[in-house]
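Novice: Below is the file upload-v8.pdb, which contains PDB, C-alpha atoms.
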```
ATOM      1  CA  MET A   1     105.547  62.436 110.981
ATOM      2  CA  LYS A   2     106.466  64.665 113.920
ATOM      3  CA  ILE A   3     105.591  68.313 113.348
ATOM      4  CA  GLU A   4     107.577  70.821 115.362
ATOM      5  CA  ARG A   5     105.397  73.161 117.395
ATOM      6  CA  PHE A   6     105.380  76.661 115.956
ATOM      7  CA  THR A   7     106.840  79.199 118.377
ATOM      8  CA  ALA A   8     108.056  82.781 118.146
ATOM      9  CA  GLU A   9     111.610  81.458 118.330
ATOM     10  CA  ASN A  10     111.428  78.961 115.458
ATOM     11  CA  SER A  11     108.957  80.548 113.015
ATOM     12  CA  ALA A  12     108.951  83.297 110.392
ATOM     13  CA  LEU A  13     106.008  85.204 108.922
ATOM     14  CA  LEU A  14     105.724  85.551 105.147
ATOM     15  CA  LEU A  15     103.232  88.104 103.809
ATOM     16  CA  ILE A  16     102.702  87.680 100.083
ATOM     17  CA  ASP A  17     101.198  90.374  97.858
ATOM     18  CA  HIS A  18      98.873  92.085 100.346
ATOM     19  CA  GLN A  19      98.485  95.025  97.978
ATOM     20  CA  VAL A  20      95.637  97.504  97.861
ATOM     21  CA  GLY A  21      94.646  96.621  94.297
ATOM     22  CA  THR A  22      94.998  92.862  94.556
ATOM     23  CA  MET A  23      92.830  92.794  97.704
ATOM     24  CA  LYS A  24      89.863  93.536  95.425
ATOM     25  CA  LEU A  25      90.172  90.052  93.892
ATOM     26  CA  ILE A  26      89.009  88.421  97.133
ATOM     27  CA  LYS A  27      85.370  87.363  96.830
ATOM     28  CA  ASN A  28      84.974  84.145  98.866
ATOM     29  CA  ILE A  29      85.358  86.035 102.155
ATOM     30  CA  ASP A  30      85.051  89.695 103.059
ATOM     31  CA  LYS A  31      88.148  91.415 101.683
ATOM     32  CA  ASP A  32      88.222  93.833 104.616
ATOM     33  CA  LEU A  33      88.320  90.844 106.977
ATOM     34  CA  ALA A  34      91.270  89.395 105.071
ATOM     35  CA  ALA A  35      93.057  92.740 105.246
ATOM     36  CA  LYS A  36      92.421  93.048 108.999
ATOM     37  CA  GLN A  37      93.713  89.541 109.644
ATOM     38  CA  SER A  38      96.900  90.152 107.643
ATOM     39  CA  ILE A  39      97.431  93.361 109.618
ATOM     40  CA  ALA A  40      96.855  91.424 112.866
ATOM     41  CA  LEU A  41      99.534  88.933 111.785
ATOM     42  CA  ALA A  42     101.923  91.828 111.245
ATOM     43  CA  LYS A  43     101.150  93.109 114.757
ATOM     44  CA  MET A  44     101.723  89.612 116.177
ATOM     45  CA  ALA A  45     105.124  89.417 114.513
ATOM     46  CA  LYS A  46     106.053  92.824 115.896
ATOM     47  CA  ILE A  47     105.015  91.869 119.436
ATOM     48  CA  LEU A  48     107.043  88.657 119.261
ATOM     49  CA  ASN A  49     109.985  90.123 117.332
ATOM     50  CA  MET A  50     109.584  87.415 114.693
ATOM     51  CA  PRO A  51     111.385  87.658 111.348
ATOM     52  CA  VAL A  52     109.070  88.815 108.570
ATOM     53  CA  VAL A  53     109.515  88.620 104.811
ATOM     54  CA  ILE A  54     107.164  90.765 102.732
ATOM     55  CA  THR A  55     106.882  90.488  98.961
ATOM     56  CA  SER A  56     104.886  92.336  96.330
ATOM     57  CA  SER A  57     104.274  92.015  92.611
ATOM     58  CA  GLN A  58     104.254  94.888  90.141
ATOM     59  CA  GLU A  59     103.405  97.632  92.630
ATOM     60  CA  GLU A  60     103.433 100.194  89.847
ATOM     61  CA  ASN A  61     100.517  98.473  88.087
ATOM     62  CA  ALA A  62      96.927  97.727  89.116
ATOM     63  CA  GLN A  63      98.139  95.613  92.037
ATOM     64  CA  GLY A  64      99.211  98.802  93.818
ATOM     65  CA  PRO A  65     101.292  99.227  96.980
ATOM     66  CA  ILE A  66     101.437  97.031 100.066
ATOM     67  CA  LEU A  67      98.670  97.795 102.577
ATOM     68  CA  PRO A  68      99.834 100.969 104.345
ATOM     69  CA  GLU A  69      99.013  99.528 107.783
ATOM     70  CA  ILE A  70     101.475  96.670 107.233
ATOM     71  CA  ALA A  71     104.123  99.125 106.059
ATOM     72  CA  GLU A  72     103.577 101.227 109.185
ATOM     73  CA  ILE A  73     103.647  98.285 111.626
ATOM     74  CA  LEU A  74     106.705  96.627 110.100
ATOM     75  CA  PRO A  75     108.764  99.464 108.594
ATOM     76  CA  GLN A  76     112.029  97.510 108.373
ATOM     77  CA  ALA A  77     110.439  94.477 106.734
ATOM     78  CA  TYR A  78     108.535  96.816 104.417
ATOM     79  CA  GLU A  79     111.686  98.639 103.336
ATOM     80  CA  ALA A  80     113.388  95.281 102.737
ATOM     81  CA  ARG A  81     110.378  93.838 100.885
ATOM     82  CA  VAL A  82     111.042  91.752  97.803
ATOM     83  CA  LYS A  83     109.517  93.494  94.799
ATOM     84  CA  ARG A  84     108.908  90.862  92.120
ATOM     85  CA  PRO A  85     108.740  92.109  88.522
ATOM     86  CA  GLY A  86     106.028  89.610  87.614
ATOM     87  CA  VAL A  87     107.059  86.128  88.751
ATOM     88  CA  VAL A  88     103.808  84.509  89.948
ATOM     89  CA  ASN A  89     105.292  81.969  92.378
ATOM     90  CA  ALA A  90     107.188  83.980  94.991
ATOM     91  CA  TRP A  91     109.187  80.887  95.993
ATOM     92  CA  ALA A  92     110.508  80.622  92.438
ATOM     93  CA  TYR A  93     111.913  84.165  92.698
ATOM     94  CA  ALA A  94     115.426  83.828  94.078
ATOM     95  CA  ASP A  95     115.413  87.062  96.089
ATOM     96  CA  PHE A  96     112.318  85.977  98.015
ATOM     97  CA  ARG A  97     113.468  82.427  98.660
ATOM     98  CA  ASN A  98     116.889  83.686  99.749
ATOM     99  CA  ALA A  99     115.260  86.173 102.133
ATOM    100  CA  VAL A 100     113.271  83.338 103.689
ATOM    101  CA  LEU A 101     116.354  81.135 103.993
ATOM    102  CA  ALA A 102     118.205  84.030 105.646
ATOM    103  CA  THR A 103     115.722  83.960 108.544
ATOM    104  CA  GLY A 104     117.090  80.555 109.522
ATOM    105  CA  ARG A 105     113.572  79.369 110.410
ATOM    106  CA  LYS A 106     112.108  76.044 109.286
ATOM    107  CA  ASN A 107     108.563  76.870 110.397
ATOM    108  CA  LEU A 108     106.887  79.248 107.955
ATOM    109  CA  ILE A 109     103.623  81.086 108.570
ATOM    110  CA  MET A 110     102.291  82.154 105.186
ATOM    111  CA  ALA A 111      99.465  84.411 104.102
ATOM    112  CA  GLY A 112      98.940  85.437 100.499
ATOM    113  CA  VAL A 113      96.387  87.927  99.324
ATOM    114  CA  THR A 114      94.898  85.370  96.946
ATOM    115  CA  THR A 115      94.893  81.750  98.034
ATOM    116  CA  ASP A 116      94.575  80.432  94.491
ATOM    117  CA  VAL A 117      97.575  82.292  93.014
ATOM    118  CA  CYS A 118      99.716  84.154  95.561
ATOM    119  CA  LEU A 119      99.663  81.590  98.381
ATOM    120  CA  ILE A 120      99.268  78.143  96.871
ATOM    121  CA  PHE A 121     102.501  77.899  94.863
ATOM    122  CA  PRO A 122     105.048  79.128  97.437
ATOM    123  CA  ALA A 123     103.283  77.204 100.212
ATOM    124  CA  ILE A 124     103.470  73.934  98.293
ATOM    125  CA  ASP A 125     107.032  74.495  97.082
ATOM    126  CA  ALA A 126     108.281  75.305 100.587
ATOM    127  CA  ALA A 127     106.538  72.235 101.997
ATOM    128  CA  VAL A 128     108.079  70.044  99.295
ATOM    129  CA  GLU A 129     111.507  71.419 100.266
ATOM    130  CA  GLY A 130     110.970  70.252 103.827
ATOM    131  CA  PHE A 131     109.727  73.397 105.540
ATOM    132  CA  ASN A 132     106.817  73.185 107.968
ATOM    133  CA  VAL A 133     104.199  75.501 106.486
ATOM    134  CA  GLN A 134     101.029  76.885 108.019
ATOM    135  CA  ALA A 135      98.777  78.817 105.640
ATOM    136  CA  VAL A 136      96.552  81.410 107.311
ATOM    137  CA  MET A 137      93.313  81.098 105.419
ATOM    138  CA  ASP A 138      91.395  84.093 106.779
ATOM    139  CA  ALA A 139      94.262  86.413 105.781
ATOM    140  CA  SER A 140      93.987  85.059 102.233
ATOM    141  CA  GLY A 141      91.118  84.660  99.781
ATOM    142  CA  SER A 142      90.104  83.806  96.225
ATOM    143  CA  PRO A 143      87.908  85.223  93.458
ATOM    144  CA  SER A 144      85.536  82.245  93.774
ATOM    145  CA  ASP A 145      84.562  79.520  96.224
ATOM    146  CA  LEU A 146      85.572  76.912  93.667
ATOM    147  CA  SER A 147      89.124  78.161  93.192
ATOM    148  CA  GLU A 148      89.499  78.519  96.977
ATOM    149  CA  GLU A 149      88.294  74.945  97.544
ATOM    150  CA  PHE A 150      90.672  73.445  94.984
ATOM    151  CA  SER A 151      93.624  75.486  96.249
ATOM    152  CA  ARG A 152      93.021  74.442  99.839
ATOM    153  CA  GLN A 153      92.822  70.795  98.771
ATOM    154  CA  ARG A 154      96.077  70.993  96.808
ATOM    155  CA  MET A 155      97.916  72.637  99.702
ATOM    156  CA  HIS A 156      96.543  70.129 102.204
ATOM    157  CA  ASP A 157      97.564  67.230  99.970
ATOM    158  CA  ALA A 158     101.106  68.662  99.792
ATOM    159  CA  GLY A 159     101.416  68.745 103.573
ATOM    160  CA  VAL A 160     100.582  72.400 104.206
ATOM    161  CA  VAL A 161      98.654  72.923 107.456
ATOM    162  CA  LEU A 162      95.641  75.184 107.016
ATOM    163  CA  THR A 163      94.882  77.467 109.936
ATOM    164  CA  ALA A 164      93.149  80.695 110.981
ATOM    165  CA  THR A 165      94.547  83.807 112.614
ATOM    166  CA  ASN A 166      93.099  83.157 116.080
ATOM    167  CA  THR A 167      94.214  79.513 116.086
ATOM    168  CA  LEU A 168      97.720  80.454 115.008
ATOM    169  CA  MET A 169      98.025  83.151 117.667
ATOM    170  CA  ALA A 170      96.886  80.741 120.365
ATOM    171  CA  GLU A 171      99.435  78.178 119.205
ATOM    172  CA  ILE A 172     102.233  80.747 119.164
ATOM    173  CA  ALA A 173     101.234  82.230 122.532
ATOM    174  CA  GLN A 174     101.019  78.852 124.326
ATOM    175  CA  ASP A 175     100.321  80.679 127.625
ATOM    176  CA  TRP A 176      98.118  83.783 127.808
ATOM    177  CA  SER A 177      99.549  84.682 131.224
ATOM    178  CA  THR A 178     103.041  85.444 129.919
ATOM    179  CA  PRO A 179     103.886  89.055 128.964
ATOM    180  CA  ALA A 180     103.800  88.168 125.261
ATOM    181  CA  GLY A 181     100.673  86.064 125.746
ATOM    182  CA  GLN A 182      98.883  88.988 127.398
ATOM    183  CA  GLN A 183      99.726  91.211 124.429
ATOM    184  CA  LEU A 184      98.513  88.565 121.983
ATOM    185  CA  ILE A 185      95.188  87.958 123.730
ATOM    186  CA  THR A 186      94.636  91.715 123.783
ATOM    187  CA  LEU A 187      95.357  91.739 120.043
ATOM    188  CA  LEU A 188      92.818  88.944 119.545
ATOM    189  CA  PHE A 189      90.033  90.813 121.290
ATOM    190  CA  THR A 190      90.793  94.227 119.790
ATOM    191  CA  ASP A 191      91.634  93.242 116.187
ATOM    192  CA  VAL A 192      90.772  89.645 115.350
ATOM    193  CA  PHE A 193      87.466  88.803 117.013
ATOM    194  CA  PRO A 194      85.720  92.112 116.187
ATOM    195  CA  ALA A 195      86.606  91.523 112.539
ATOM    196  CA  LEU A 196      85.125  88.038 112.680
ATOM    197  CA  GLY A 197      82.000  89.345 114.378
ATOM    198  CA  ALA A 198      81.567  92.112 111.835
ATOM    199  CA  SER A 199      81.775  89.602 108.977
ATOM    200  CA  ILE A 200      78.901  87.566 110.443
ATOM    201  CA  VAL A 201      76.489  90.476 110.908
TER
END
```
Write out the structure in this file as structure tokens.
Specialist:
Amino acid sequence: MKIERFTAENSALLLIDHQVGTMKLIKNIDKDLAAKQSIALAKMAKILNMPVVITSSQEENAQGPILPEIAEILPQAYEARVKRPGVVNAWAYADFRNAVLATGRKNLIMAGVTTDVCLIFPAIDAAVEGFNVQAVMDASGSPSDLSEEFSRQRMHDAGVVLTATNTLMAEIAQDWSTPAGQQLITLLFTDVFPALGASIV
């Protein structure tokens, strides 16, 4: 099976439920790391002028609002975010799926605040529909190592490509010497790698 290379011109970024309350559910990796990586993805999309679809679930409840940094970086996508009343699988919510289809992109970069609930179902459903899906695992997390492991296996088995923020940015950049590539490598060294280093200490 030939997989089309992900580029800024053929890909869209989907940020699923990166909400201040839901972030607290992440236990398998540092939740601050996951937040920083999701914010770095938002910055990448802004640099590359990529279409972004943001969705949230029950903002008025314990889940809370979208991370304010994401809202600040991507104000238009934030204002147009799809606010789900409670539907777990974002792909099953027509407004979200329609917003993704409206981007016209077949390559989908997905990050969901929890791998085992927010990310797994839309990633698998989109892959089954024929989209090329990359799931950014360090911008997502789970309440336990076990649920993370099973979710990763299910996504992999469904054809979802698992990746990390730095790998994805390198793939999208293709050439660090281009104007966009220079901005992305700066983003890596200012936002992504310090976060990784801090999580190891």
Novice: Between atom CA of Pro68 of chain A and atom CA of Ile26 of chain A, what distance in Å does the model show, to one decimal?
Specialist: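 If I compute the distance from atom CA of Pro68 of chain A to atom CA of Ile26 of chain A, I get 18.1 Å.
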Novice: Could you write out as a PyMOL selection string the residues that the PyMOL selection byres ((chain A and resi 109) around 8) matches in the shown file?
Specialist: chain A and resi 11-14+107-108+110-111+133-136
Novice: Which one is closest to Asn98 of chain A: A:Asn166, A:Asn49, A:Val82, A:Asp175? Count only C-alpha atoms.
Specialist: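 Among A:Asn166, A:Asn49, A:Val82, A:Asp175, it is A:Val82 that comes nearest to Asn98 of chain A.
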Novice: In Å, rounded to a single decimal, give me how far atom CA of Ala102 of chain A is from atom CA of Glu129 of chain A.
Specialist: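 About the pair atom CA of Glu129 of chain A and atom CA of Ala102 of chain A: they are 15.3 Å apart.
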Novice: Just checking: using only C-alpha atoms, which residue out of A:Ala139, A:Ile70, A:Ala42, A:Ile120 ends up closest to His156 of chain A?
Specialist: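 Closest residue, counting only C-alpha atoms: A:Ile120.
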Novice: Find the spatial neighbours of Ile185 of chain A, counting only C-alpha atoms, within a cut-off of 9 Å - ignore same-chain residues fewer than 5 positions away - and output them as an MDAnalysis selection string.
Specialist: chainID A and resid 169:170 173 176 180 190
Novice: Could you name the residues that touch segment 34-40 of chain A at 9 Å or less, counting all atoms listed in the file, but leaving out those on the same chain fewer than 3 positions away, as a PyMOL selection string?
Specialist: chain A and resi 15+18+23+26+29-31+43-45+67+69-70+73+111-113+136-141+164-165+187-188+191-192+195
Novice: Between A:Gln19, A:Val88, A:Ala94, A:Leu101, which one has atoms that come closest to Asn61 of chain A, using only C-alpha atoms?
Specialist: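 Result for the nearest residue to Asn61 of chain A: A:Gln19.
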Novice: Which one of A:Glu171, A:Glu9, A:Asp125, A:Asp145 sits closest to Ala158 of chain A if you count all atoms listed in the file?
Specialist: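 Smallest separation from Ala158 of chain A among the options: A:Asp125.
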Novice: What is the distance, in Å and to one decimal place, between atom CA of Thr7 of chain A and atom CA of Met50 of chain A?
Specialist: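 We find that atom CA of Thr7 of chain A and atom CA of Met50 of chain A lie 9.4 Å from each other.
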Novice: What lies within 10 Å of Asp17 of chain A using all atoms listed in the file, ignoring chain neighbours under 5 positions off, as a list of chain:residue names?
Specialist: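 Listed by chain and then number, they are A:Thr22, A:Met23, A:Ile54, A:Thr55, A:Ser56, A:Ser57, A:Gln58, A:Glu59, A:Gln63, A:Gly64, A:Pro65, A:Ile66, A:Leu67, A:Val82, A:Lys83, A:Arg84, A:Ala90, A:Ala111, A:Gly112, A:Val113, A:Thr114, A:Cys118, A:Leu119, A:Ser140.
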Novice: I'd like to know which of A:Leu48, A:Ile16, A:Leu184, A:Val117 is closest to Phe96 of chain A, using all atoms listed in the file.
Specialist: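 Looking at the shortest contact to Phe96 of chain A, the residue is A:Ile16.
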